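Here is input-v7.tsv, consisting of TSV, C-alpha atoms and all ligand atoms:
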```
chain	number	residue	atom	x	y	z
S	1247	MET	CA	17.30	-6.90	4.37
S	1248	ASN	CA	20.49	-4.85	4.22
S	1249	GLN	CA	20.62	-1.43	2.57
S	1250	SER	CA	22.33	-2.41	-0.66
S	1251	HIS	CA	19.90	-5.26	-1.15
S	1252	GLN	CA	17.02	-2.85	-0.59
S	1253	TRP	CA	18.55	-0.39	-3.07
S	1254	LYS	CA	18.89	-3.14	-5.67
S	1255	LYS	CA	15.25	-4.07	-5.15
S	1256	ASN	CA	14.12	-0.45	-5.51
S	1257	MET	CA	16.07	-0.10	-8.75
S	1258	GLU	CA	14.55	-3.32	-10.03
S	1259	GLU	CA	11.06	-2.04	-9.27
S	1260	GLN	CA	11.66	1.28	-11.07
S	1261	ASN	CA	13.12	-0.44	-14.12
S	1262	ILE	CA	10.28	-2.92	-14.39
S	1263	ARG	CA	7.67	-0.21	-14.02
S	1264	LYS	CA	9.42	1.82	-16.73
S	1265	ALA	CA	9.47	-1.20	-19.06
S	1266	LEU	CA	5.73	-1.67	-18.49
S	1267	VAL	CA	4.92	2.01	-19.01
S	1268	ASP	CA	6.95	2.00	-22.24
S	1269	GLY	CA	5.23	-1.20	-23.37
S	1270	ASN	CA	1.78	0.28	-22.79
S	1271	GLN	CA	2.82	3.36	-24.78
S	1272	ARG	CA	3.81	1.09	-27.68
S	1273	PHE	CA	0.48	-0.74	-27.40
S	1274	LEU	CA	-1.44	2.57	-27.48
S	1275	LYS	CA	0.41	3.48	-30.67
S	1276	GLY	CA	-0.74	0.21	-32.25
S	1277	ALA	CA	2.48	-1.80	-31.91
S	1278	ASN	CA	2.33	-5.57	-32.04
S	1279	SER	CA	6.05	-6.28	-31.70
S	1280	ALA	CA	5.41	-8.85	-28.96
S	1281	ILE	CA	3.12	-10.88	-31.23
S	1282	GLU	CA	5.63	-10.71	-34.06
S	1283	LYS	CA	8.24	-12.17	-31.70
S	1284	SER	CA	5.99	-14.98	-30.42
S	1285	MET	CA	7.66	-17.88	-32.23
S	1286	GLU	CA	11.08	-16.63	-31.17
S	1287	ALA	CA	9.86	-16.44	-27.55
S	1288	ILE	CA	8.31	-19.93	-27.74
S	1289	LYS	CA	11.61	-21.41	-28.94
S	1290	GLU	CA	13.62	-19.52	-26.31
S	1291	THR	CA	11.37	-20.34	-23.35
S	1292	SER	CA	10.88	-24.00	-24.26
S	1293	LYS	CA	14.61	-24.49	-24.64
S	1294	HIS	CA	15.84	-22.48	-21.66
S	1295	GLY	CA	12.80	-22.47	-19.36
S	1296	GLN	CA	10.63	-19.58	-18.31
S	1297	LYS	CA	12.13	-16.44	-16.79
S	1298	PRO	CA	9.20	-14.09	-16.24
S	1299	PHE	CA	10.18	-10.69	-14.86
S	1300	ALA	CA	6.86	-9.87	-13.22
S	1301	ILE	CA	4.02	-11.59	-11.45
S	1302	VAL	CA	0.71	-10.07	-12.56
S	1303	LEU	CA	-2.42	-10.50	-10.48
S	1304	THR	CA	-5.33	-9.31	-12.53
S	1305	CYS	CA	-9.02	-9.87	-13.24
S	1306	SER	CA	-10.36	-12.72	-15.38
S	1307	ASP	CA	-12.23	-10.12	-17.44
S	1308	SER	CA	-11.80	-10.97	-21.13
S	1309	ARG	CA	-10.91	-7.37	-21.93
S	1310	VAL	CA	-7.77	-7.39	-19.80
S	1311	VAL	CA	-4.90	-9.20	-21.52
S	1312	PRO	CA	-1.57	-8.35	-19.87
S	1313	GLU	CA	0.82	-9.35	-22.68
S	1314	TYR	CA	-1.17	-7.34	-25.24
S	1315	ILE	CA	-1.59	-4.19	-23.24
S	1316	PHE	CA	2.09	-4.06	-22.23
S	1317	ASP	CA	3.30	-5.26	-25.65
S	1318	MET	CA	5.38	-7.99	-24.01
S	1319	PRO	CA	6.29	-11.39	-25.47
S	1320	ILE	CA	5.32	-14.85	-24.27
S	1321	GLY	CA	7.27	-15.69	-21.13
S	1322	SER	CA	7.22	-12.15	-19.67
S	1323	PHE	CA	4.59	-12.54	-16.98
S	1324	PHE	CA	3.60	-15.14	-14.43
S	1325	THR	CA	-0.09	-14.28	-14.48
S	1326	ILE	CA	-2.79	-15.07	-11.98
S	1327	ARG	CA	-6.31	-14.15	-13.00
S	1328	THR	CA	-9.35	-14.29	-10.77
S	1329	ALA	CA	-12.54	-12.23	-10.92
S	1330	GLY	CA	-11.83	-8.99	-9.07
S	1331	GLU	CA	-8.25	-10.09	-8.20
S	1332	ALA	CA	-9.67	-12.21	-5.38
S	1333	LEU	CA	-7.04	-14.09	-3.39
S	1334	SER	CA	-7.63	-17.61	-2.14
S	1335	MET	CA	-5.00	-19.90	-0.65
S	1336	ASP	CA	-4.40	-21.37	-4.13
S	1337	THR	CA	-3.89	-17.95	-5.62
S	1338	ILE	CA	-1.43	-16.97	-2.91
S	1339	GLY	CA	0.29	-20.33	-3.46
S	1340	SER	CA	0.72	-19.44	-7.13
S	1341	ILE	CA	2.30	-16.10	-6.23
S	1342	GLU	CA	4.62	-17.84	-3.77
S	1343	TYR	CA	5.60	-20.37	-6.40
S	1344	ALA	CA	6.73	-17.56	-8.72
S	1345	TYR	CA	8.52	-15.77	-5.89
S	1346	LEU	CA	10.28	-18.77	-4.39
S	1347	HIS	CA	10.96	-20.94	-7.42
S	1348	LEU	CA	11.10	-18.55	-10.36
S	1349	HIS	CA	12.69	-15.77	-8.24
S	1350	VAL	CA	10.29	-13.07	-9.38
S	1351	SER	CA	9.81	-10.44	-6.70
S	1352	TYR	CA	7.90	-7.75	-8.61
S	1353	LEU	CA	4.13	-8.17	-8.30
S	1354	LEU	CA	1.80	-5.96	-10.30
S	1355	ILE	CA	-1.81	-5.79	-9.16
S	1356	LEU	CA	-3.61	-4.80	-12.33
S	1357	SER	CA	-7.20	-3.79	-11.71
S	1358	HIS	CA	-9.44	-2.34	-14.37
S	1359	THR	CA	-12.24	0.16	-14.91
S	1360	ASN	CA	-15.82	-1.18	-14.90
S	1361	CYS	CA	-14.78	-4.38	-13.11
S	1362	GLY	CA	-17.91	-6.55	-12.89
S	1363	ALA	CA	-16.78	-8.27	-9.69
S	1364	VAL	CA	-16.26	-4.93	-7.94
S	1365	GLY	CA	-19.58	-3.70	-9.35
S	1366	ALA	CA	-21.31	-6.79	-7.95
S	1367	ALA	CA	-19.73	-6.20	-4.53
S	1368	LEU	CA	-21.09	-2.64	-4.58
S	1369	GLU	CA	-24.59	-3.76	-5.43
S	1370	LYS	CA	-25.41	-7.26	-4.31
S	1371	ASN	CA	-24.47	-10.57	-2.76
S	1372	GLY	CA	-23.27	-13.70	-4.55
S	1373	GLU	CA	-25.88	-16.10	-5.93
S	1374	ASN	CA	-24.22	-19.25	-4.60
S	1375	ALA	CA	-21.67	-20.15	-1.92
S	1376	GLU	CA	-18.53	-19.84	-4.02
S	1377	LEU	CA	-19.57	-16.63	-5.68
S	1378	LYS	CA	-20.71	-15.27	-2.33
S	1379	GLU	CA	-17.25	-15.94	-0.88
S	1380	LEU	CA	-15.64	-14.02	-3.72
S	1381	ILE	CA	-18.06	-11.09	-3.48
S	1382	ASP	CA	-17.71	-11.02	0.32
S	1383	GLU	CA	-13.94	-10.79	-0.03
S	1384	ILE	CA	-14.27	-7.75	-2.29
S	1385	LYS	CA	-16.92	-6.22	-0.02
S	1386	ALA	CA	-14.51	-6.56	2.92
S	1387	ARG	CA	-11.81	-4.79	0.92
S	1388	ILE	CA	-13.89	-1.86	-0.29
S	1389	LYS	CA	-15.84	-1.45	2.98
S	1390	SER	CA	-18.23	1.53	2.74
S	1391	THR	CA	-16.82	2.94	-0.51
S	1392	LYS	CA	-19.67	3.78	-2.87
S	1393	ASP	CA	-17.79	5.25	-5.83
S	1394	TYR	CA	-17.15	2.63	-8.51
S	1395	ALA	CA	-13.77	3.94	-9.72
S	1396	GLU	CA	-12.56	4.42	-6.16
S	1397	ALA	CA	-13.71	0.90	-5.23
S	1398	VAL	CA	-11.71	-0.55	-8.14
S	1399	LYS	CA	-8.57	1.16	-6.84
S	1400	ILE	CA	-9.14	0.20	-3.21
S	1401	ASN	CA	-9.87	-3.40	-4.18
S	1402	GLY	CA	-6.57	-3.60	-6.09
S	1403	HIS	CA	-4.66	-1.93	-3.30
S	1404	GLU	CA	-6.03	-4.31	-0.68
S	1405	ALA	CA	-5.16	-7.31	-2.87
S	1406	GLY	CA	-1.56	-6.04	-2.81
S	1407	VAL	CA	-1.64	-5.64	0.97
S	1408	GLU	CA	-2.87	-9.24	1.32
S	1409	ALA	CA	-0.19	-10.59	-1.02
S	1410	LYS	CA	2.51	-8.68	0.85
S	1411	LYS	CA	1.24	-10.10	4.15
S	1412	ALA	CA	1.73	-13.59	2.75
S	1413	GLU	CA	5.15	-12.85	1.23
S	1414	ALA	CA	6.95	-9.84	2.70
S	1415	GLY	CA	9.74	-9.86	0.09
S	1416	LEU	CA	7.41	-8.94	-2.77
S	1417	LEU	CA	7.71	-5.54	-4.44
S	1418	VAL	CA	4.06	-4.69	-4.94
S	1419	ASP	CA	3.03	-2.18	-7.59
S	1420	GLU	CA	-0.51	-1.15	-8.53
S	1421	ALA	CA	-2.09	0.01	-11.74
S	1422	VAL	CA	-5.54	0.42	-13.27
S	1423	TYR	CA	-6.27	-0.51	-16.87
S	1424	ASP	CA	-8.88	1.56	-18.66
S	1425	ILE	CA	-10.97	-0.81	-20.79
S	1426	SER	CA	-12.30	2.12	-22.84
S	1427	ASN	CA	-8.97	3.33	-24.23
S	1428	GLY	CA	-6.25	0.75	-23.46
S	1429	LYS	CA	-4.33	2.98	-21.10
S	1430	VAL	CA	-2.65	1.69	-17.95
S	1431	SER	CA	-2.29	4.20	-15.09
S	1432	PHE	CA	0.12	3.35	-12.31
S	1433	ILE	CA	-0.92	4.43	-8.85
S	1434	SER	CA	1.51	6.65	-6.88
A	1501	ZN	ZN	-12.83	-7.33	-13.35
```

Written as C-alpha cells, how would this file's structure read?
Ligand SMILES: [Zn+2]
Amino acid sequence: MNQSHQWKKNMEEQNIRKALVDGNQRFLKGANSAIEKSMEAIKETSKHGQKPFAIVLTCSDSRVVPEYIFDMPIGSFFTIRTAGEALSMDTIGSIEYAYLHLHVSYLLILSHTNCGAVGAALEKNGENAELKELIDEIKARIKSTKDYAEAVKINGHEAGVEAKKAEAGLLVDEAVYDISNGKVSFIS
C-alpha cells in the first residue's frame, strides 16, 4: 500500500470512529433519529442497494443492538453476530464478502460488559460439541486471564487480530459496550 492510500485509509478510520462516537452520544441523550428515518432508509437502500460504511462483529446478546446504540439508520452496518464474537470460517467469509464485494474496510469489533460467552469461558466447558468449540475458541483467546472485564477486552482484541490475519486490508477498531448504561468506549 502506498503512502497516500494509507493516509486515506487512516482518515477514513478516524472519520468513521467519530461518526460512531457522535451517534452513541445521541443515543445516550435519548435520540431516535435513526428510527425516525427508517422508511426513508428502506426506500433508499432497496432502490440503490446497500452501502454500509462499517462491518460490525459483535455478540448475539439481545442487549447489544448496533443500529440503536450508534443511532444509525438501516443500511449503515454489515453486522455479524455470534456469541462472544467467535469466528468460524463462515463468519470470516461474511467479513470478506463485505470487504471484497461491498468495499467496506472498517471493521468494528464490538464486545460488551457481562458477556455470557466470555463468562462461560472463564468458568466452564461447553455442554456439547458445538458449544465446546465456541467456548474453547474464547478460552484460547483469553488464556490465563481471570478478570471478567479484562477477558471481555482481550477476547474482542483477539477477534480483531484473527480477522486481520484473514484480510490484511481491514481497518480494525475495537470498542466495549456497557450494557448497564448504553455507553460505548473505544479502546486506544
Ligand atoms: Zn456476549

**Study point:** Surrounding residues of region 1419-1424 of chain S excluding itself and chain neighbours under 2 positions, 6 Å, all atoms listed in the file, as a ChimeraX atom specification
**Key:** /S:1354-1359,1426-1433

Review point. What separation in Å, quoted to one decimal, exists between CA of Lys1283 (chain S) and CA of Asn1261 (chain S)?
Key: 21.7 Å

Exercise for review: Report the distance between CA of Ile1288 (chain S) and CA of Ile1320 (chain S) in Å, rounded to one decimal place.
Suggested key: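 So the two atoms, CA of Ile1288 (chain S) and CA of Ile1320 (chain S), lie 6.8 Å apart.
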
Produce as a PDB file with C-alpha atoms, keeping the file's coordinate frame the set of residues near ligand ZN 1501 (chain A), where near means within 9 Å with all atoms listed in the file considered.
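And here is the file that came out, result-v7.pdb:
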```pdb
ATOM      1  CA  THR S1304      -5.330  -9.310 -12.530  1.00  0.00           C
ATOM      2  CA  CYS S1305      -9.020  -9.870 -13.240  1.00  0.00           C
ATOM      3  CA  SER S1306     -10.360 -12.720 -15.380  1.00  0.00           C
ATOM      4  CA  ASP S1307     -12.230 -10.120 -17.440  1.00  0.00           C
ATOM      5  CA  SER S1308     -11.800 -10.970 -21.130  1.00  0.00           C
ATOM      6  CA  ARG S1309     -10.910  -7.370 -21.930  1.00  0.00           C
ATOM      7  CA  VAL S1310      -7.770  -7.390 -19.800  1.00  0.00           C
ATOM      8  CA  THR S1328      -9.350 -14.290 -10.770  1.00  0.00           C
ATOM      9  CA  ALA S1329     -12.540 -12.230 -10.920  1.00  0.00           C
ATOM     10  CA  GLY S1330     -11.830  -8.990  -9.070  1.00  0.00           C
ATOM     11  CA  GLU S1331      -8.250 -10.090  -8.200  1.00  0.00           C
ATOM     12  CA  SER S1357      -7.200  -3.790 -11.710  1.00  0.00           C
ATOM     13  CA  HIS S1358      -9.440  -2.340 -14.370  1.00  0.00           C
ATOM     14  CA  THR S1359     -12.240   0.160 -14.910  1.00  0.00           C
ATOM     15  CA  ASN S1360     -15.820  -1.180 -14.900  1.00  0.00           C
ATOM     16  CA  CYS S1361     -14.780  -4.380 -13.110  1.00  0.00           C
ATOM     17  CA  GLY S1362     -17.910  -6.550 -12.890  1.00  0.00           C
ATOM     18  CA  ALA S1363     -16.780  -8.270  -9.690  1.00  0.00           C
ATOM     19  CA  VAL S1364     -16.260  -4.930  -7.940  1.00  0.00           C
ATOM     20  CA  GLY S1365     -19.580  -3.700  -9.350  1.00  0.00           C
ATOM     21  CA  VAL S1398     -11.710  -0.550  -8.140  1.00  0.00           C
TER      22      VAL S1398
END
```

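Every polymer residue reaching to within 10 Å of (5.2, -13.9, -9.0), counting only C-alpha atoms, appears in this list: Pro1298, Phe1299, Ala1300, Ile1301, Val1302, Leu1303, Phe1323, Phe1324, Thr1325, Ile1326, Ile1338, Gly1339, Ser1340, Ile1341, Glu1342, Tyr1343, Ala1344, Tyr1345, Leu1346, His1347, Leu1348, His1349, Val1350, Ser1351, Tyr1352, Leu1353, Leu1354, Leu1416 and Leu1417 of chain S.
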
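Here CA of Gly1321 (chain S) is placed at a distance of 22.5 Å from CA of Gly1406 (chain S).
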
**Study point:** From S:Gly1402, S:Tyr1394, S:Leu1266, S:Ala1414, residue lying nearest Pro1319 (chain S) [only C-alpha atoms]
**Key:**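 When distances to Pro1319 (chain S) are compared using only C-alpha atoms, the smallest one comes from S:Leu1266.
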
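Using all atoms listed in the file, the nearest neighbour of Ala1332 (chain S) within the list S:Glu1286, S:Glu1383, S:Glu1258, S:Glu1376 is S:Glu1383.
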
**Study point:** Test item: residues at most 8 Å from Arg1387 (chain S), all atoms listed in the file, excluding those fewer than 2 positions along its chain, as a list of chain:residue names
**Key:**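 These residues fall inside the cut-off: S:Glu1383, S:Ile1384, S:Lys1385, S:Lys1389, S:Ile1400, S:Asn1401, S:Glu1404.
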
Next, write the just-selected residues to a file, as a short mmCIF file (atom, residue, chain, number, x, y, z; two decimals), keeping the file's coordinate frame, keeping C-alpha atoms as the atom set.
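The file below, selection11.cif, is the result:
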```cif
data_model
loop_
_atom_site.label_atom_id
_atom_site.label_comp_id
_atom_site.auth_asym_id
_atom_site.auth_seq_id
_atom_site.Cartn_x
_atom_site.Cartn_y
_atom_site.Cartn_z
CA GLU S 1383 -13.94 -10.79 -0.03
CA ILE S 1384 -14.27 -7.75 -2.29
CA LYS S 1385 -16.92 -6.22 -0.02
CA LYS S 1389 -15.84 -1.45 2.98
CA ILE S 1400 -9.14 0.20 -3.21
CA ASN S 1401 -9.87 -3.40 -4.18
CA GLU S 1404 -6.03 -4.31 -0.68
#
```

Point to revise | Residue among S:Ile1425, S:Met1318, S:Leu1368, S:Val1311 lying closest to Ala1397 (chain S), counting only C-alpha atoms | key: S:Leu1368

Just need region 1333-1427 of chain S in a file, please: C-alpha atoms, as a PDB file, in the first residue's frame.
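The resulting file, out09.pdb, is shown below:
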```
ATOM      1  CA  LEU S1333     -15.035 -16.501  14.343  1.00  0.00           C
ATOM      2  CA  SER S1334     -15.662 -19.584  12.239  1.00  0.00           C
ATOM      3  CA  MET S1335     -14.859 -19.934   8.547  1.00  0.00           C
ATOM      4  CA  ASP S1336     -18.415 -18.805   7.730  1.00  0.00           C
ATOM      5  CA  THR S1337     -18.058 -15.726   9.868  1.00  0.00           C
ATOM      6  CA  ILE S1338     -14.755 -14.801   8.260  1.00  0.00           C
ATOM      7  CA  GLY S1339     -16.388 -15.441   4.873  1.00  0.00           C
ATOM      8  CA  SER S1340     -19.088 -12.913   5.771  1.00  0.00           C
ATOM      9  CA  ILE S1341     -16.465 -10.308   6.670  1.00  0.00           C
ATOM     10  CA  GLU S1342     -14.635 -10.995   3.410  1.00  0.00           C
ATOM     11  CA  TYR S1343     -17.860 -10.636   1.460  1.00  0.00           C
ATOM     12  CA  ALA S1344     -18.370  -7.142   2.888  1.00  0.00           C
ATOM     13  CA  TYR S1345     -14.729  -6.223   2.283  1.00  0.00           C
ATOM     14  CA  LEU S1346     -14.417  -7.577  -1.240  1.00  0.00           C
ATOM     15  CA  HIS S1347     -17.892  -7.019  -2.658  1.00  0.00           C
ATOM     16  CA  LEU S1348     -19.332  -4.120  -0.685  1.00  0.00           C
ATOM     17  CA  HIS S1349     -15.911  -2.412  -0.359  1.00  0.00           C
ATOM     18  CA  VAL S1350     -16.172  -1.827   3.371  1.00  0.00           C
ATOM     19  CA  SER S1351     -12.760  -1.810   5.005  1.00  0.00           C
ATOM     20  CA  TYR S1352     -13.608  -0.554   8.504  1.00  0.00           C
ATOM     21  CA  LEU S1353     -14.307  -3.398  10.925  1.00  0.00           C
ATOM     22  CA  LEU S1354     -15.527  -2.663  14.432  1.00  0.00           C
ATOM     23  CA  ILE S1355     -15.205  -5.435  16.985  1.00  0.00           C
ATOM     24  CA  LEU S1356     -17.888  -4.537  19.494  1.00  0.00           C
ATOM     25  CA  SER S1357     -17.638  -6.551  22.680  1.00  0.00           C
ATOM     26  CA  HIS S1358     -19.756  -5.896  25.732  1.00  0.00           C
ATOM     27  CA  THR S1359     -19.681  -5.968  29.514  1.00  0.00           C
ATOM     28  CA  ASN S1360     -21.016  -9.107  31.242  1.00  0.00           C
ATOM     29  CA  CYS S1361     -20.697 -11.183  28.067  1.00  0.00           C
ATOM     30  CA  GLY S1362     -22.128 -14.621  28.887  1.00  0.00           C
ATOM     31  CA  ALA S1363     -19.895 -16.409  26.380  1.00  0.00           C
ATOM     32  CA  VAL S1364     -16.764 -14.889  27.915  1.00  0.00           C
ATOM     33  CA  GLY S1365     -18.124 -15.652  31.385  1.00  0.00           C
ATOM     34  CA  ALA S1366     -18.654 -19.280  30.372  1.00  0.00           C
ATOM     35  CA  ALA S1367     -15.096 -19.499  29.034  1.00  0.00           C
ATOM     36  CA  LEU S1368     -13.820 -18.226  32.381  1.00  0.00           C
ATOM     37  CA  GLU S1369     -15.784 -20.779  34.346  1.00  0.00           C
ATOM     38  CA  LYS S1370     -16.568 -23.931  32.443  1.00  0.00           C
ATOM     39  CA  ASN S1371     -16.517 -26.023  29.301  1.00  0.00           C
ATOM     40  CA  GLY S1372     -19.234 -26.290  26.657  1.00  0.00           C
ATOM     41  CA  GLU S1373     -22.063 -28.772  27.208  1.00  0.00           C
ATOM     42  CA  ASN S1374     -21.983 -30.196  23.692  1.00  0.00           C
ATOM     43  CA  ALA S1375     -19.530 -30.338  20.775  1.00  0.00           C
ATOM     44  CA  GLU S1376     -20.563 -27.125  19.040  1.00  0.00           C
ATOM     45  CA  LEU S1377     -20.769 -25.111  22.206  1.00  0.00           C
ATOM     46  CA  LYS S1378     -17.485 -26.601  23.371  1.00  0.00           C
ATOM     47  CA  GLU S1379     -15.813 -25.426  20.156  1.00  0.00           C
ATOM     48  CA  LEU S1380     -17.073 -21.902  20.735  1.00  0.00           C
ATOM     49  CA  ILE S1381     -16.050 -21.834  24.398  1.00  0.00           C
ATOM     50  CA  ASP S1382     -12.647 -23.335  23.549  1.00  0.00           C
ATOM     51  CA  GLU S1383     -12.059 -20.582  20.998  1.00  0.00           C
ATOM     52  CA  ILE S1384     -12.717 -17.921  23.636  1.00  0.00           C
ATOM     53  CA  LYS S1385     -10.608 -19.791  26.202  1.00  0.00           C
ATOM     54  CA  ALA S1386      -7.711 -19.797  23.718  1.00  0.00           C
ATOM     55  CA  ARG S1387      -8.093 -16.051  23.251  1.00  0.00           C
ATOM     56  CA  ILE S1388      -8.242 -15.081  26.914  1.00  0.00           C
ATOM     57  CA  LYS S1389      -5.623 -17.631  28.058  1.00  0.00           C
ATOM     58  CA  SER S1390      -4.987 -17.293  31.812  1.00  0.00           C
ATOM     59  CA  THR S1391      -6.875 -14.014  32.268  1.00  0.00           C
ATOM     60  CA  LYS S1392      -9.140 -14.254  35.307  1.00  0.00           C
ATOM     61  CA  ASP S1393     -10.647 -10.774  35.409  1.00  0.00           C
ATOM     62  CA  TYR S1394     -14.034 -10.674  33.656  1.00  0.00           C
ATOM     63  CA  ALA S1395     -13.782  -7.126  32.264  1.00  0.00           C
ATOM     64  CA  GLU S1396     -10.232  -7.717  31.091  1.00  0.00           C
ATOM     65  CA  ALA S1397     -11.248 -11.008  29.442  1.00  0.00           C
ATOM     66  CA  VAL S1398     -14.018  -9.214  27.515  1.00  0.00           C
ATOM     67  CA  LYS S1399     -11.459  -6.749  26.133  1.00  0.00           C
ATOM     68  CA  ILE S1400      -8.862  -9.402  25.299  1.00  0.00           C
ATOM     69  CA  ASN S1401     -11.487 -11.577  23.616  1.00  0.00           C
ATOM     70  CA  GLY S1402     -12.550  -8.656  21.393  1.00  0.00           C
ATOM     71  CA  HIS S1403      -8.973  -7.716  20.627  1.00  0.00           C
ATOM     72  CA  GLU S1404      -8.054 -11.257  19.614  1.00  0.00           C
ATOM     73  CA  ALA S1405     -11.130 -11.463  17.366  1.00  0.00           C
ATOM     74  CA  GLY S1406      -9.758  -8.394  15.566  1.00  0.00           C
ATOM     75  CA  VAL S1407      -6.318  -9.972  15.247  1.00  0.00           C
ATOM     76  CA  GLU S1408      -7.894 -13.088  13.708  1.00  0.00           C
ATOM     77  CA  ALA S1409      -9.973 -11.058  11.251  1.00  0.00           C
ATOM     78  CA  LYS S1410      -6.932  -9.034  10.229  1.00  0.00           C
ATOM     79  CA  LYS S1411      -4.974 -12.257   9.658  1.00  0.00           C
ATOM     80  CA  ALA S1412      -7.661 -13.366   7.229  1.00  0.00           C
ATOM     81  CA  GLU S1413      -7.938  -9.995   5.475  1.00  0.00           C
ATOM     82  CA  ALA S1414      -4.926  -7.707   5.903  1.00  0.00           C
ATOM     83  CA  GLY S1415      -6.619  -4.687   4.289  1.00  0.00           C
ATOM     84  CA  LEU S1416      -9.175  -4.317   7.087  1.00  0.00           C
ATOM     85  CA  LEU S1417      -9.024  -1.305   9.400  1.00  0.00           C
ATOM     86  CA  VAL S1418      -9.827  -2.933  12.713  1.00  0.00           C
ATOM     87  CA  ASP S1419     -11.209  -0.859  15.568  1.00  0.00           C
ATOM     88  CA  GLU S1420     -12.301  -2.103  18.999  1.00  0.00           C
ATOM     89  CA  ALA S1421     -14.892  -0.939  21.465  1.00  0.00           C
ATOM     90  CA  VAL S1422     -16.742  -2.222  24.513  1.00  0.00           C
ATOM     91  CA  TYR S1423     -20.443  -1.572  25.045  1.00  0.00           C
ATOM     92  CA  ASP S1424     -21.603  -1.194  28.621  1.00  0.00           C
ATOM     93  CA  ILE S1425     -24.958  -2.979  28.946  1.00  0.00           C
ATOM     94  CA  SER S1426     -25.688  -1.130  32.197  1.00  0.00           C
ATOM     95  CA  ASN S1427     -25.658   2.412  30.801  1.00  0.00           C
TER      96      ASN S1427
END
```
